[in-house]
$ cat final38.cif   # mmCIF, C-alpha atoms
data_model
loop_
_atom_site.label_atom_id
_atom_site.label_comp_id
_atom_site.auth_asym_id
_atom_site.auth_seq_id
_atom_site.Cartn_x
_atom_site.Cartn_y
_atom_site.Cartn_z
CA MET H 1413 0.00 0.00 0.00
CA ALA H 1414 1.55 3.21 -1.16
CA ARG H 1415 1.80 5.89 1.38
CA ARG H 1416 -0.17 9.05 0.53
CA ALA H 1417 1.86 12.25 0.46
CA SER H 1418 0.87 14.87 3.02
CA PRO H 1419 -0.67 18.00 1.48
CA TRP H 1420 1.52 20.14 3.86
CA GLY H 1421 4.74 18.26 3.20
CA TRP H 1422 7.54 18.92 0.75
CA SER H 1423 5.55 17.69 -2.24
CA PRO H 1424 4.47 19.68 -5.29
CA ALA H 1425 1.05 20.14 -3.80
CA GLY H 1426 2.49 21.12 -0.44
CA ARG H 1427 4.88 23.60 -2.00
CA ARG H 1428 2.05 25.19 -3.96
CA ARG H 1429 0.00 25.40 -0.83
CA TRP H 1430 2.81 27.04 1.11
CA ALA H 1431 3.50 29.40 -1.76
CA LEU H 1432 -0.15 30.42 -1.80
CA ILE H 1433 -0.16 31.01 1.93
CA LEU H 1434 3.03 33.02 1.76
CA LEU H 1435 1.69 35.04 -1.14
CA TRP H 1436 -1.49 35.87 0.67
CA LEU H 1437 0.17 36.57 4.01
CA GLY H 1438 2.89 38.62 2.34
CA HIS H 1439 0.30 40.81 0.69
CA GLY H 1440 -1.55 41.12 3.96
CA VAL H 1441 1.52 42.19 5.85
CA TRP H 1442 2.45 44.58 3.10
CA VAL H 1443 -1.03 46.13 3.12
CA LEU H 1444 -1.25 46.32 6.88
CA SER H 1445 2.12 48.03 7.07
CA GLY H 1446 0.38 51.05 5.53
CA PRO H 1447 1.81 54.03 3.69
CA ASP H 1448 4.67 54.51 6.12
CA ALA H 1449 5.87 50.94 6.13
CA GLY H 1450 9.06 51.74 7.99
CA GLY H 1451 7.18 53.69 10.61
CA ALA H 1452 4.74 50.85 11.10
CA TRP H 1453 7.57 48.38 11.60
CA ARG H 1454 9.26 50.78 13.96
CA ASN H 1455 6.05 51.19 15.92
CA ALA H 1456 5.57 47.44 16.03
CA ALA H 1457 9.14 46.94 17.18
CA SER H 1458 8.79 49.67 19.78
CA THR H 1459 5.60 48.13 21.09
CA ALA H 1460 7.20 44.71 21.23
CA GLU H 1461 10.26 45.90 23.08
CA ARG H 1462 8.38 48.17 25.47
CA PRO H 1463 8.28 45.66 28.35
CA VAL H 1464 11.98 44.93 27.96
CA GLU H 1465 12.72 48.65 27.86
CA ALA H 1466 10.68 49.22 31.01
CA LEU H 1467 12.57 46.40 32.71
CA ALA H 1468 15.90 47.82 31.57
CA ALA H 1469 14.91 51.31 32.71
CA ALA H 1470 13.98 49.97 36.13
CA TRP H 1471 17.30 48.16 36.32
CA ARG H 1472 19.23 51.26 35.29
CA GLY H 1473 17.28 53.38 37.76
CA TRP H 1474 18.01 50.96 40.58
CA ARG H 1475 21.72 50.91 39.76
CA LEU H 1476 21.78 54.70 39.44
CA ARG H 1477 20.06 55.19 42.77
CA ARG H 1478 22.39 52.72 44.38
CA ALA H 1479 25.42 54.43 42.84
CA GLU H 1480 24.08 57.83 43.88
CA ARG H 1481 23.66 56.66 47.44
CA ALA H 1482 27.23 55.40 47.56
CA THR H 1483 28.55 58.43 45.73
CA ASP H 1484 26.62 60.80 47.96
CA LEU H 1485 28.12 59.33 51.11
CA ALA H 1486 31.64 59.40 49.74
CA ALA H 1487 31.13 62.88 48.34
CA ALA H 1488 29.69 64.08 51.65
CA GLN H 1489 32.63 62.68 53.56
CA THR H 1490 35.07 64.25 51.15
CA GLU H 1491 33.25 67.56 51.32
CA LEU H 1492 33.15 67.38 55.10
CA ALA H 1493 36.88 66.79 55.28
CA ALA H 1494 37.48 69.65 52.87
CA LEU H 1495 35.20 71.92 54.87
CA ARG H 1496 37.00 71.00 58.09
CA GLN H 1497 40.31 71.87 56.52
CA GLN H 1498 38.81 75.08 55.23
CA VAL H 1499 37.46 75.95 58.66
CA GLN H 1500 40.84 75.27 60.23
CA ALA H 1501 42.53 77.41 57.61
CA LEU H 1502 40.02 80.17 58.17
CA GLU H 1503 40.48 79.99 61.93
CA THR H 1504 44.23 80.15 61.51
CA ALA H 1505 43.89 83.05 59.11
CA GLN H 1506 41.54 84.75 61.53
CA LEU H 1507 43.99 84.29 64.36
CA ASP H 1508 46.75 85.62 62.14
CA ALA H 1509 44.66 88.53 61.05
CA ALA H 1510 43.28 89.41 64.48
CA PRO H 1511 46.27 91.52 65.55
CA LYS H 1512 46.33 93.20 62.19
CA LEU H 1513 42.63 93.89 62.39
CA ALA H 1514 43.00 95.28 65.88
CA GLU H 1515 45.92 97.38 64.75
CA GLY H 1516 43.94 98.52 61.76
CA ALA H 1517 41.02 99.54 63.95
CA ALA H 1518 43.39 101.31 66.30
CA ALA H 1519 45.03 103.01 63.34
CA VAL H 1520 41.68 104.28 62.17
CA GLN H 1521 40.92 105.65 65.61
CA LEU H 1522 44.40 107.14 65.84
CA LEU H 1523 43.96 108.77 62.47
CA GLY H 1524 40.73 110.32 63.70
CA LEU H 1525 42.50 111.63 66.78
CA LYS H 1526 45.34 112.94 64.67
CA GLN H 1527 42.91 114.82 62.45
CA ARG H 1528 41.13 116.31 65.44
CA LEU H 1529 44.32 117.58 67.05
CA PRO H 1530 45.69 120.77 65.47
CA LEU H 1531 49.22 119.67 66.27
CA SER H 1532 52.04 118.11 64.35
CA THR H 1533 51.84 114.60 65.73
CA ARG H 1534 53.49 111.36 64.79
CA ALA H 1535 52.21 107.83 65.06
CA ALA H 1536 54.34 104.99 66.35
CA ARG H 1537 53.82 101.28 66.79
CA VAL H 1538 54.01 99.88 70.31
CA LEU H 1539 56.54 97.07 70.25
CA LEU H 1540 56.41 95.95 73.86
CA THR H 1541 54.22 96.55 76.87
CA PRO H 1542 55.94 95.16 79.99
CA VAL H 1543 53.50 94.14 82.66
CA GLY H 1544 54.22 94.68 86.32
CA ALA H 1545 57.54 96.49 85.92
CA PRO H 1546 57.59 99.42 88.38
CA PHE H 1547 59.27 101.71 86.00
CA GLY H 1548 58.65 99.65 82.96
CA GLY H 1549 57.23 101.40 79.99
CA LEU H 1550 56.01 100.91 76.50
CA ILE H 1551 58.59 100.48 73.78
CA LEU H 1552 57.88 102.43 70.62
CA ASP H 1553 59.38 101.73 67.19
CA ALA H 1554 60.53 105.34 66.78
CA GLY H 1555 63.55 107.04 68.34
CA ARG H 1556 66.00 109.72 67.47
CA ASP H 1557 65.72 108.70 63.85
CA ALA H 1558 62.17 110.06 63.99
CA GLY H 1559 63.20 113.22 65.81
CA LEU H 1560 61.78 112.18 69.16
CA THR H 1561 63.04 113.69 72.38
CA GLU H 1562 62.34 113.01 76.02
CA ASP H 1563 59.18 114.31 77.70
CA GLN H 1564 57.08 114.27 74.59
CA GLY H 1565 53.50 113.35 75.38
CA VAL H 1566 52.08 110.05 74.15
CA LEU H 1567 48.39 109.65 73.38
CA ALA H 1568 45.98 106.91 72.47
CA PRO H 1569 42.54 107.41 70.96
CA GLU H 1570 41.03 106.56 74.36
CA GLY H 1571 43.16 108.99 76.32
CA VAL H 1572 46.57 109.96 77.62
CA VAL H 1573 49.21 107.21 77.72
CA GLY H 1574 52.25 108.84 79.26
CA ARG H 1575 55.42 110.59 78.24
CA ILE H 1576 58.61 109.54 76.50
CA TRP H 1577 61.11 108.57 79.19
CA SER H 1578 64.15 107.69 77.17
CA VAL H 1579 64.99 107.85 73.49
CA GLY H 1580 67.19 105.42 71.66
CA ALA H 1581 68.44 105.43 68.10
CA THR H 1582 65.42 103.69 66.63
CA GLN H 1583 63.26 103.03 69.65
CA SER H 1584 62.05 104.92 72.64
CA GLU H 1585 60.57 104.06 76.00
CA VAL H 1586 57.38 105.53 77.33
CA LEU H 1587 56.69 106.15 81.01
CA PRO H 1588 53.05 105.18 81.36
CA ALA H 1589 50.62 107.31 83.28
CA ASP H 1590 50.04 104.59 85.88
CA ALA H 1591 53.75 104.33 86.78
CA PRO H 1592 54.51 105.42 90.36
CA ASN H 1593 57.02 107.95 89.18
CA ALA H 1594 54.78 109.39 86.48
CA SER H 1595 53.15 112.73 86.95
CA ILE H 1596 50.73 114.56 84.70
CA ALA H 1597 49.10 117.91 85.31
CA VAL H 1598 45.36 117.34 85.28
CA MET H 1599 42.12 119.10 86.01
CA LEU H 1600 38.66 117.92 86.85
CA ALA H 1601 35.93 118.43 84.29
CA ARG H 1602 33.25 119.86 86.58
CA SER H 1603 35.07 121.70 89.33
CA ARG H 1604 37.95 122.72 87.08
CA ALA H 1605 40.22 122.03 90.07
CA THR H 1606 43.76 121.18 89.06
CA GLY H 1607 46.16 118.66 90.49
CA VAL H 1608 48.92 116.24 89.64
CA LEU H 1609 48.20 112.70 88.53
CA GLN H 1610 50.48 110.06 89.99
CA GLY H 1611 50.40 106.43 88.96
CA LEU H 1612 49.23 103.64 91.21
CA GLY H 1613 49.80 100.79 88.76
CA SER H 1614 47.27 98.58 87.03
CA ASN H 1615 45.82 101.42 84.99
CA GLN H 1616 45.04 103.31 88.18
CA ALA H 1617 46.24 106.71 89.32
CA ALA H 1618 45.59 109.27 92.02
CA ILE H 1619 45.21 113.00 91.85
CA ARG H 1620 47.39 114.81 94.32
CA TYR H 1621 47.20 118.29 95.76
CA LEU H 1622 43.43 118.65 95.64
CA ASN H 1623 41.95 120.70 98.42
CA ASN H 1624 39.53 118.99 100.74
CA GLN H 1625 37.07 121.75 99.97
CA GLU H 1626 36.80 120.69 96.34
CA VAL H 1627 33.64 118.93 95.33
CA VAL H 1628 34.57 115.90 93.29
CA GLN H 1629 32.16 113.19 92.22
CA ALA H 1630 32.86 109.66 91.17
CA GLY H 1631 32.60 109.25 87.43
CA GLU H 1632 33.82 112.74 86.79
CA ALA H 1633 36.12 113.08 83.82
CA VAL H 1634 39.73 114.07 84.28
CA TYR H 1635 41.52 116.10 81.63
CA THR H 1636 45.03 117.36 81.17
CA SER H 1637 45.51 120.90 82.44
CA GLY H 1638 48.48 121.74 80.20
CA LEU H 1639 50.51 123.11 83.08
CA ASP H 1640 53.26 120.50 82.70
CA GLN H 1641 54.04 121.61 79.16
CA VAL H 1642 53.94 118.00 78.08
CA PHE H 1643 50.25 117.80 77.19
CA PRO H 1644 48.05 120.60 76.01
CA ARG H 1645 44.91 121.36 77.95
CA GLY H 1646 41.77 119.27 77.50
CA LEU H 1647 43.02 115.78 76.69
CA LEU H 1648 41.08 113.02 78.40
CA VAL H 1649 43.05 111.17 81.07
CA GLY H 1650 40.45 109.05 82.87
CA TYR H 1651 37.47 109.01 85.18
CA VAL H 1652 37.22 109.43 88.95
CA THR H 1653 36.46 106.15 90.64
CA GLU H 1654 36.81 106.99 94.31
CA VAL H 1655 36.83 110.19 96.37
CA LYS H 1656 37.80 110.33 100.04
CA PRO H 1657 38.65 113.30 102.22
CA GLY H 1658 42.18 113.06 103.54
CA ASP H 1659 44.11 114.77 106.32
CA LEU H 1660 45.66 117.38 104.10
CA GLU H 1661 44.16 116.83 100.68
CA LEU H 1662 41.37 115.08 98.92
CA GLN H 1663 42.16 111.53 97.99
CA VAL H 1664 40.90 110.91 94.46
CA LYS H 1665 41.44 107.71 92.53
CA VAL H 1666 41.25 107.73 88.78
CA ALA H 1667 40.81 104.91 86.29
CA LEU H 1668 42.89 105.74 83.28
CA ALA H 1669 40.96 105.80 80.04
CA ALA H 1670 43.71 104.45 77.81
CA PRO H 1671 44.31 100.68 78.00
CA LEU H 1672 48.00 100.98 78.66
CA ARG H 1673 48.72 97.28 78.36
CA ARG H 1674 46.82 96.75 75.12
CA LEU H 1675 47.99 99.52 72.88
CA PRO H 1676 49.06 98.61 69.35
CA LEU H 1677 49.65 102.20 68.26
CA ALA H 1678 50.25 105.51 69.92
CA LEU H 1679 50.33 109.12 68.90
CA ILE H 1680 53.32 111.21 69.90
CA LEU H 1681 52.74 114.87 70.58
CA PRO H 1682 55.33 117.51 69.72
CA ALA H 1683 57.71 118.66 72.42
CA GLN H 1684 56.35 121.42 74.62
CA PRO H 1685 53.04 121.87 72.86
CA PRO H 1686 51.02 125.04 73.37
CA LEU H 1687 48.87 125.20 76.47
CA GLU H 1688 45.65 125.61 74.65
CA VAL H 1689 44.76 123.87 71.40
CA GLN H 1690 41.41 124.28 69.77
CA PRO H 1691 40.23 121.50 67.50
CA PRO H 1692 39.02 122.74 64.14
CA LEU H 1693 35.30 123.29 64.02
CA VAL H 1694 35.06 121.96 60.49
CA PRO H 1695 37.14 119.01 59.43
CA LYS H 1696 39.64 119.67 56.70
CA ARG H 1697 38.60 118.55 53.28
CA ASN H 1698 40.55 117.91 50.16
CA PRO H 1699 40.18 120.55 47.42
CA GLY H 1700 38.34 118.24 45.06
CA GLU H 1701 36.21 116.55 47.68
CA ALA H 1702 32.47 117.06 47.43
CA ARG H 1703 30.74 118.58 50.38
CA MET M 1003 -21.82 19.00 -4.13
CA LYS M 1004 -18.45 18.47 -5.65
CA ARG M 1005 -17.80 17.32 -9.15
CA ALA M 1006 -15.05 17.50 -11.72
CA LEU M 1007 -14.93 20.56 -13.89
CA ALA M 1008 -14.22 20.51 -17.56
CA ALA M 1009 -11.39 22.99 -17.38
CA ARG M 1010 -10.11 24.77 -20.42
CA PRO M 1011 -6.62 24.00 -21.64
CA PRO M 1012 -3.85 25.67 -19.70
CA ALA M 1013 -2.71 27.77 -22.63
CA GLN M 1014 -6.12 29.24 -23.01
CA ARG M 1015 -6.34 29.98 -19.34
CA VAL M 1016 -3.03 31.76 -19.35
CA LEU M 1017 -3.84 33.71 -22.50
CA ALA M 1018 -7.18 34.76 -21.12
CA ALA M 1019 -5.72 35.86 -17.84
CA ALA M 1020 -2.94 37.74 -19.55
CA ALA M 1021 -5.36 39.42 -21.88
CA GLY M 1022 -7.52 40.44 -18.96
CA ALA M 1023 -4.60 41.87 -17.07
CA LEU M 1024 -3.43 43.74 -20.12
CA GLY M 1025 -6.90 45.07 -20.66
CA ILE M 1026 -7.07 46.35 -17.11
CA GLY M 1027 -3.87 48.27 -17.69
CA LEU M 1028 -4.95 49.64 -21.03
CA LEU M 1029 -8.33 50.78 -19.76
CA ALA M 1030 -6.80 53.12 -17.22
CA PRO M 1031 -8.13 56.26 -19.03
CA TRP M 1032 -11.67 54.88 -18.58
CA PRO M 1033 -12.15 53.96 -14.96
CA GLY M 1034 -15.71 52.73 -15.41
CA PRO M 1035 -15.03 50.09 -18.04
CA GLN M 1036 -11.80 49.30 -16.24
CA ALA M 1037 -13.76 48.52 -13.07
CA ALA M 1038 -16.12 46.27 -15.01
CA LEU M 1039 -13.21 44.42 -16.63
CA HIS M 1040 -11.56 44.19 -13.27
CA ALA M 1041 -14.61 42.40 -11.85
CA ALA M 1042 -14.70 40.08 -14.84
CA PHE M 1043 -11.04 39.36 -14.35
CA VAL M 1044 -11.17 38.65 -10.62
CA PHE M 1045 -14.29 36.48 -10.78
CA GLY M 1046 -13.67 34.92 -14.17
CA LEU M 1047 -10.52 35.24 -16.20
CA ALA M 1048 -8.09 34.99 -13.28
CA LEU M 1049 -9.66 31.83 -11.90
CA ASP M 1050 -7.78 28.66 -12.69
CA PRO M 1051 -9.94 25.76 -11.61
CA GLU M 1052 -6.92 23.51 -11.37
CA SER M 1053 -4.62 25.79 -9.37
CA ALA M 1054 -5.36 27.99 -6.42
CA LEU M 1055 -1.84 29.36 -6.60
CA LEU M 1056 -2.22 30.53 -10.20
CA THR M 1057 -5.58 31.99 -9.34
CA ALA M 1058 -4.05 33.99 -6.52
CA VAL M 1059 -1.12 35.09 -8.66
CA TRP M 1060 -3.29 36.29 -11.51
CA ALA M 1061 -5.73 38.01 -9.19
CA ALA M 1062 -2.89 39.76 -7.41
CA ALA M 1063 -1.39 40.73 -10.74
CA GLY M 1064 -4.67 42.28 -11.78
CA GLY M 1065 -4.82 44.28 -8.60
CA TRP M 1066 -1.25 45.50 -8.93
CA ILE M 1067 -1.82 46.45 -12.56
CA LEU M 1068 -5.00 48.33 -11.70
CA GLU M 1069 -3.37 50.35 -8.90
CA GLY M 1070 -0.25 50.87 -10.97
CA SER M 1071 -2.30 52.24 -13.83
CA LEU M 1072 -4.26 54.55 -11.55
CA ARG M 1073 -1.12 55.90 -9.88
CA ILE M 1074 -3.09 57.67 -7.16
CA TYR M 1075 -2.18 55.66 -4.05
CA PRO M 1076 0.94 56.22 -2.00
CA HIS M 1077 1.16 52.54 -1.07
CA HIS M 1078 0.02 49.85 -3.46
CA GLY M 1079 -1.07 46.33 -2.74
CA GLY M 1080 -4.50 46.75 -1.14
CA THR M 1081 -6.47 45.94 -4.31
CA ALA M 1082 -4.22 42.98 -5.04
CA TRP M 1083 -4.75 41.55 -1.59
CA ALA M 1084 -8.53 41.94 -1.75
CA ASP M 1085 -8.59 40.55 -5.29
CA MET M 1086 -6.53 37.58 -4.22
CA THR M 1087 -8.76 36.88 -1.24
CA LEU M 1088 -12.03 37.09 -3.11
CA ALA M 1089 -10.65 35.23 -6.11
CA LEU M 1090 -9.62 32.41 -3.83
CA ALA M 1091 -13.11 32.44 -2.32
CA ALA M 1092 -14.61 32.29 -5.79
CA TRP M 1093 -12.16 29.55 -6.74
CA TRP M 1094 -13.20 27.51 -3.75
CA LEU M 1095 -16.87 28.03 -4.49
CA LEU M 1096 -16.22 27.08 -8.09
CA ARG M 1097 -14.62 23.82 -7.05
CA GLU M 1098 -16.82 22.96 -4.14
CA TRP M 1099 -20.18 24.34 -5.12
CA ALA M 1100 -21.20 23.76 -8.70
CA VAL M 1101 -23.98 25.87 -10.12
CA ASP M 1102 -26.23 24.73 -12.91
CA ASP M 1103 -28.35 27.84 -13.20
CA LEU M 1104 -27.15 31.12 -14.66
CA ARG M 1105 -29.33 33.12 -12.30
CA ALA M 1106 -27.89 31.35 -9.33
CA TRP M 1107 -24.45 31.94 -10.72
CA MET M 1108 -25.20 35.64 -11.13
CA GLY M 1109 -26.56 35.78 -7.63
CA ARG M 1110 -23.40 34.21 -6.27
CA GLN M 1111 -21.28 36.59 -8.30
CA ALA M 1112 -23.35 39.47 -7.00
CA ILE M 1113 -22.77 38.36 -3.45
CA LEU M 1114 -19.04 37.98 -4.10
CA ALA M 1115 -18.95 41.45 -5.66
CA ALA M 1116 -20.85 42.88 -2.73
CA VAL M 1117 -18.19 41.53 -0.45
CA TRP M 1118 -15.31 42.32 -2.83
CA ILE M 1119 -16.05 46.04 -3.31
CA PRO M 1120 -15.90 46.93 0.41
CA ALA M 1121 -12.97 44.56 0.82
CA VAL M 1122 -11.02 46.40 -1.86
CA HIS M 1123 -11.90 49.72 -0.29
CA LEU M 1124 -10.88 48.51 3.16
CA ALA M 1125 -7.63 46.99 1.96
CA VAL M 1126 -6.72 50.14 0.03
CA ARG M 1127 -7.56 52.18 3.10
CA LEU M 1128 -5.28 50.00 5.21
CA ALA M 1129 -2.50 50.22 2.67
CA ALA M 1130 -2.77 53.79 1.39
CA GLY M 1131 -5.03 55.58 3.82
CA PRO M 1132 -8.46 57.19 3.34
CA HIS M 1133 -9.58 57.62 -0.25
CA LEU M 1134 -12.72 58.31 -2.27
CA TRP M 1135 -15.12 55.58 -3.21
CA GLY M 1136 -15.33 56.72 -6.78
CA SER M 1137 -17.87 55.38 -9.28
CA GLY M 1138 -16.27 52.02 -9.95
CA TRP M 1139 -18.70 50.16 -7.76
CA ILE M 1140 -21.63 51.57 -9.78
CA TRP M 1141 -20.07 50.34 -12.98
CA ILE M 1142 -19.48 46.94 -11.42
CA ALA M 1143 -23.06 46.74 -10.26
CA LEU M 1144 -24.48 47.90 -13.56
CA THR M 1145 -22.34 45.53 -15.58
CA LEU M 1146 -22.93 42.59 -13.29
CA PRO M 1147 -24.98 40.66 -15.90
CA ALA M 1148 -22.28 41.15 -18.49
CA TRP M 1149 -19.21 40.14 -16.54
CA SER M 1150 -20.99 37.37 -14.66
CA TRP M 1151 -22.23 35.96 -17.96
CA LEU M 1152 -18.67 36.16 -19.29
CA GLY M 1153 -17.49 34.19 -16.28
CA TRP M 1154 -20.31 31.71 -16.75
CA ARG M 1155 -19.23 31.10 -20.33
CA TRP M 1156 -15.55 30.97 -19.58
CA LEU M 1157 -15.52 28.89 -16.43
CA ARG M 1158 -18.41 26.64 -17.29
CA PRO M 1159 -19.31 26.08 -13.66
CA ALA M 1160 -22.12 23.77 -14.66
CA GLY M 1161 -19.63 21.32 -16.03
CA ARG M 1162 -20.60 21.55 -19.70
#
$ encode --input "final38.cif" --output "structure tokens"
Amino acid sequence: MARRASPWGWSPAGRRRWALILLWLGHGVWVLSGPDAGGAWRNAASTAERPVEALAAAWRGWRLRRAERATDLAAAQTELAALRQQVQALETAQLDAAPKLAEGAAAVQLLGLKQRLPLSTRAARVLLTPVGAPFGGLILDAGRDAGLTEDQGVLAPEGVVGRIWSVGATQSEVLPADAPNASIAVMLARSRATGVLQGLGSNQAAIRYLNNQEVVQAGEAVYTSGLDQVFPRGLLVGYVTEVKPGDLELQVKVALAAPLRRLPLALILPAQPPLEVQPPLVPKRNPGEAR
Amino acid sequence: MKRALAARPPAQRVLAAAAGALGIGLLAPWPGPQAALHAAFVFGLALDPESALLTAVWAAAGGWILEGSLRIYPHHGGTAWADMTLALAAWWLLREWAVDDLRAWMGRQAILAAVWIPAVHLAVRLAAGPHLWGSGWIWIALTLPAWSWLGWRWLRPAGR
């Protein structure tokens, strides 16, 4: 019994059948692809690969988030270390700059004082401020080379500092107002009573030769009287802190206004200044400066 | 009701199909007669009772020639696909369902045409996009007796 060939096999009939199916399906696919055949295939491919793309996007997102977490921590630690170094550098720079800033502020104040005083003054830097020395004084960076002589008055923006005690070639020593052997002719602001200021140490001084009949109040300002020919009249020296009647004279304690142990700069008055100096009513202006 | 058909010789079938396809191409300046010949071709001249494959090939060729002669569609192939499909349906009916009466034959051809016309329009729409119906379907309907009679004489579905 001969075996019958399958109509779907590789027989002439089967090949014709497959050719017919392919012809019909090919036409169908070609028709369904539409005018923009490439676009249709692209759309079909995009639709088919959409789930895979979503899966890949989720995978990439997870890896990115994971990498960002790790990177963020490392970056934060690096940034923290850098910021710590920066803070340390800034603190060091601030410490380095603090004296300069203080000196700059003092220089500004000194410049204001210099402009207010109608005298030929000179500024000098304080090199050393010995603490506790009975006759110790401030060391200035100016001496005979700057034309300084002994007994020139020394000022600070806050008040009187003292007088030049000795002059070297390039440096000079100042006898501060609170030294026991210092003496400055002073007067009281309210009573206008005059006396001599003698140092007690520690930024303190006492006014000698005040009559018991004088009325002095604590907190009263003390100015130079100009009688010693070292300071002109009217420079602030300090404020009265204590007043007690004594056997022969009034015992008045004064807190000096100038911080004698913390002076970066000082202003040196000319030798034997005039008794009375009047500050200019209107500050000097440059010719081209607008009013 | 299946019975053997008295098919025409192969050379005649090929010549008739080729002549029909050529006529479709040459009638391009006259869309109405072209549509009528197209119907006669799909449901008569292109049918090869002994080969479904040749039937499909000739029907597709007629569709491609028609669209190529019209040159109005951006993407051809819709008419060929619909022609192929309906020609195969007609081929199957011809083999499997013999008709002895001309009226019944015309009725079957009318039903096939009624399915074929929207199928062509749909396939062309899928392939080339929206397009006008045109007046071809009117010509096909009006010339139904003529082209169905031609198919009746050529295919001899009654087995004469």
$ closest_residue --input "final38.cif" --among "M:Ala1160, M:Ala1021, M:Val1122, M:Ala1143" --to "chain H" --atoms "only C-alpha atoms"
M:Val1122
$ residues_around --input "final38.cif" --residues "Leu1039 (chain M)" --least-positions-apart "2" --cutoff "12 Å" --atoms "all atoms listed in the file" --output "PyMOL selection string"
chain M and resi 1019+1021-1030+1032-1037+1041-1048+1064-1065+1068+1138-1139+1141-1143+1145-1146+1148-1150+1152-1153
$ residues_around --input "final38.cif" --residues "Lys1656 (chain H)" --least-positions-apart "2" --cutoff "12 Å" --atoms "all atoms listed in the file" --output "PyMOL selection string"
chain H and resi 1618-1619+1622-1630+1652-1654+1658-1665
$ resolve_selection --input "final38.cif" --expression "the PyMOL selection byres ((chain H) within 6 of (chain M))" --output "list in words"
Leu1432, His1439, Val1443, Leu1444, Gly1446 and Pro1447 of chain H
$ atom_distance --input "final38.cif" --atom1 "CA of Arg1015 (chain M)" --atom2 "CA of Trp1107 (chain M)"
20.2 Å
$ atom_distance --input "final38.cif" --atom1 "CA of Asp1640 (chain H)" --atom2 "CA of Gly1607 (chain H)"
10.7 Å
$ resolve_selection --input "final38.cif" --expression "the PyMOL selection byres ((chain H and resi 1580) around 12)" --output "list in words"
Ile1551, Leu1552, Asp1553, Ala1554, Gly1555, Arg1556, Asp1557, Ala1558, Gly1559, Leu1560, Thr1561, Glu1562, Ile1576, Trp1577, Ser1578, Val1579, Ala1581, Thr1582, Gln1583, Ser1584, Glu1585 and Val1586 of chain H
$ atom_distance --input "final38.cif" --atom1 "CA of Ala1466 (chain H)" --atom2 "CA of Arg1481 (chain H)"
22.2 Å
$ closest_residue --input "final38.cif" --among "H:Tyr1651, H:Trp1442, H:Tyr1621, H:Trp1471" --to "Gly1571 (chain H)" --atoms "all atoms listed in the file"
H:Tyr1651
$ residues_around --input "final38.cif" --residues "Leu1550 (chain H)" --least-positions-apart "4" --cutoff "8 Å" --atoms "only C-alpha atoms" --output "tab-separated table (two decimals) with C-alpha atoms, in the coordinates of the input"
chain	number	residue	atom	x	y	z
H	1538	VAL	CA	54.01	99.88	70.31
H	1539	LEU	CA	56.54	97.07	70.25
H	1540	LEU	CA	56.41	95.95	73.86
H	1541	THR	CA	54.22	96.55	76.87
H	1542	PRO	CA	55.94	95.16	79.99
H	1585	GLU	CA	60.57	104.06	76.00
H	1586	VAL	CA	57.38	105.53	77.33
H	1587	LEU	CA	56.69	106.15	81.01
H	1588	PRO	CA	53.05	105.18	81.36
$ axis_aligned_box --input "final38.cif" --around "region 1437-1452 of chain H" --padding-each-side "8 Å" --output "lines of an AutoDock Vina configuration file"
center_x = 3.8
center_y = 45.5
center_z = 5.9
size_x = 26.6
size_y = 33.9
size_z = 26.4
$ residues_around --input "final38.cif" --residues "region 1592-1594 of chain H" --least-positions-apart "6" --cutoff "7 Å" --atoms "all atoms listed in the file" --output "list in words"
Gln1610, Gly1611, Leu1612 and Gly1613 of chain H
$ resolve_selection --input "final38.cif" --expression "the PyMOL selection byres ((chain H and resi 1645) around 12)" --output "PyMOL selection string"
chain H and resi 1529+1572+1596-1601+1604+1606+1634-1644+1646-1649+1684-1691
$ write_last_selection --input "final38.cif" --atoms "C-alpha atoms" --output "compact mmCIF listing (two decimals), keeping the file's coordinate frame"
# COMPACT_ATOMS: atom_id res chain seq x y z
CA LEU H 1529 44.32 117.58 67.05
CA VAL H 1572 46.57 109.96 77.62
CA ILE H 1596 50.73 114.56 84.70
CA ALA H 1597 49.10 117.91 85.31
CA VAL H 1598 45.36 117.34 85.28
CA MET H 1599 42.12 119.10 86.01
CA LEU H 1600 38.66 117.92 86.85
CA ALA H 1601 35.93 118.43 84.29
CA ARG H 1604 37.95 122.72 87.08
CA THR H 1606 43.76 121.18 89.06
CA VAL H 1634 39.73 114.07 84.28
CA TYR H 1635 41.52 116.10 81.63
CA THR H 1636 45.03 117.36 81.17
CA SER H 1637 45.51 120.90 82.44
CA GLY H 1638 48.48 121.74 80.20
CA LEU H 1639 50.51 123.11 83.08
CA ASP H 1640 53.26 120.50 82.70
CA GLN H 1641 54.04 121.61 79.16
CA VAL H 1642 53.94 118.00 78.08
CA PHE H 1643 50.25 117.80 77.19
CA PRO H 1644 48.05 120.60 76.01
CA GLY H 1646 41.77 119.27 77.50
CA LEU H 1647 43.02 115.78 76.69
CA LEU H 1648 41.08 113.02 78.40
CA VAL H 1649 43.05 111.17 81.07
CA GLN H 1684 56.35 121.42 74.62
CA PRO H 1685 53.04 121.87 72.86
CA PRO H 1686 51.02 125.04 73.37
CA LEU H 1687 48.87 125.20 76.47
CA GLU H 1688 45.65 125.61 74.65
CA VAL H 1689 44.76 123.87 71.40
CA GLN H 1690 41.41 124.28 69.77
CA PRO H 1691 40.23 121.50 67.50
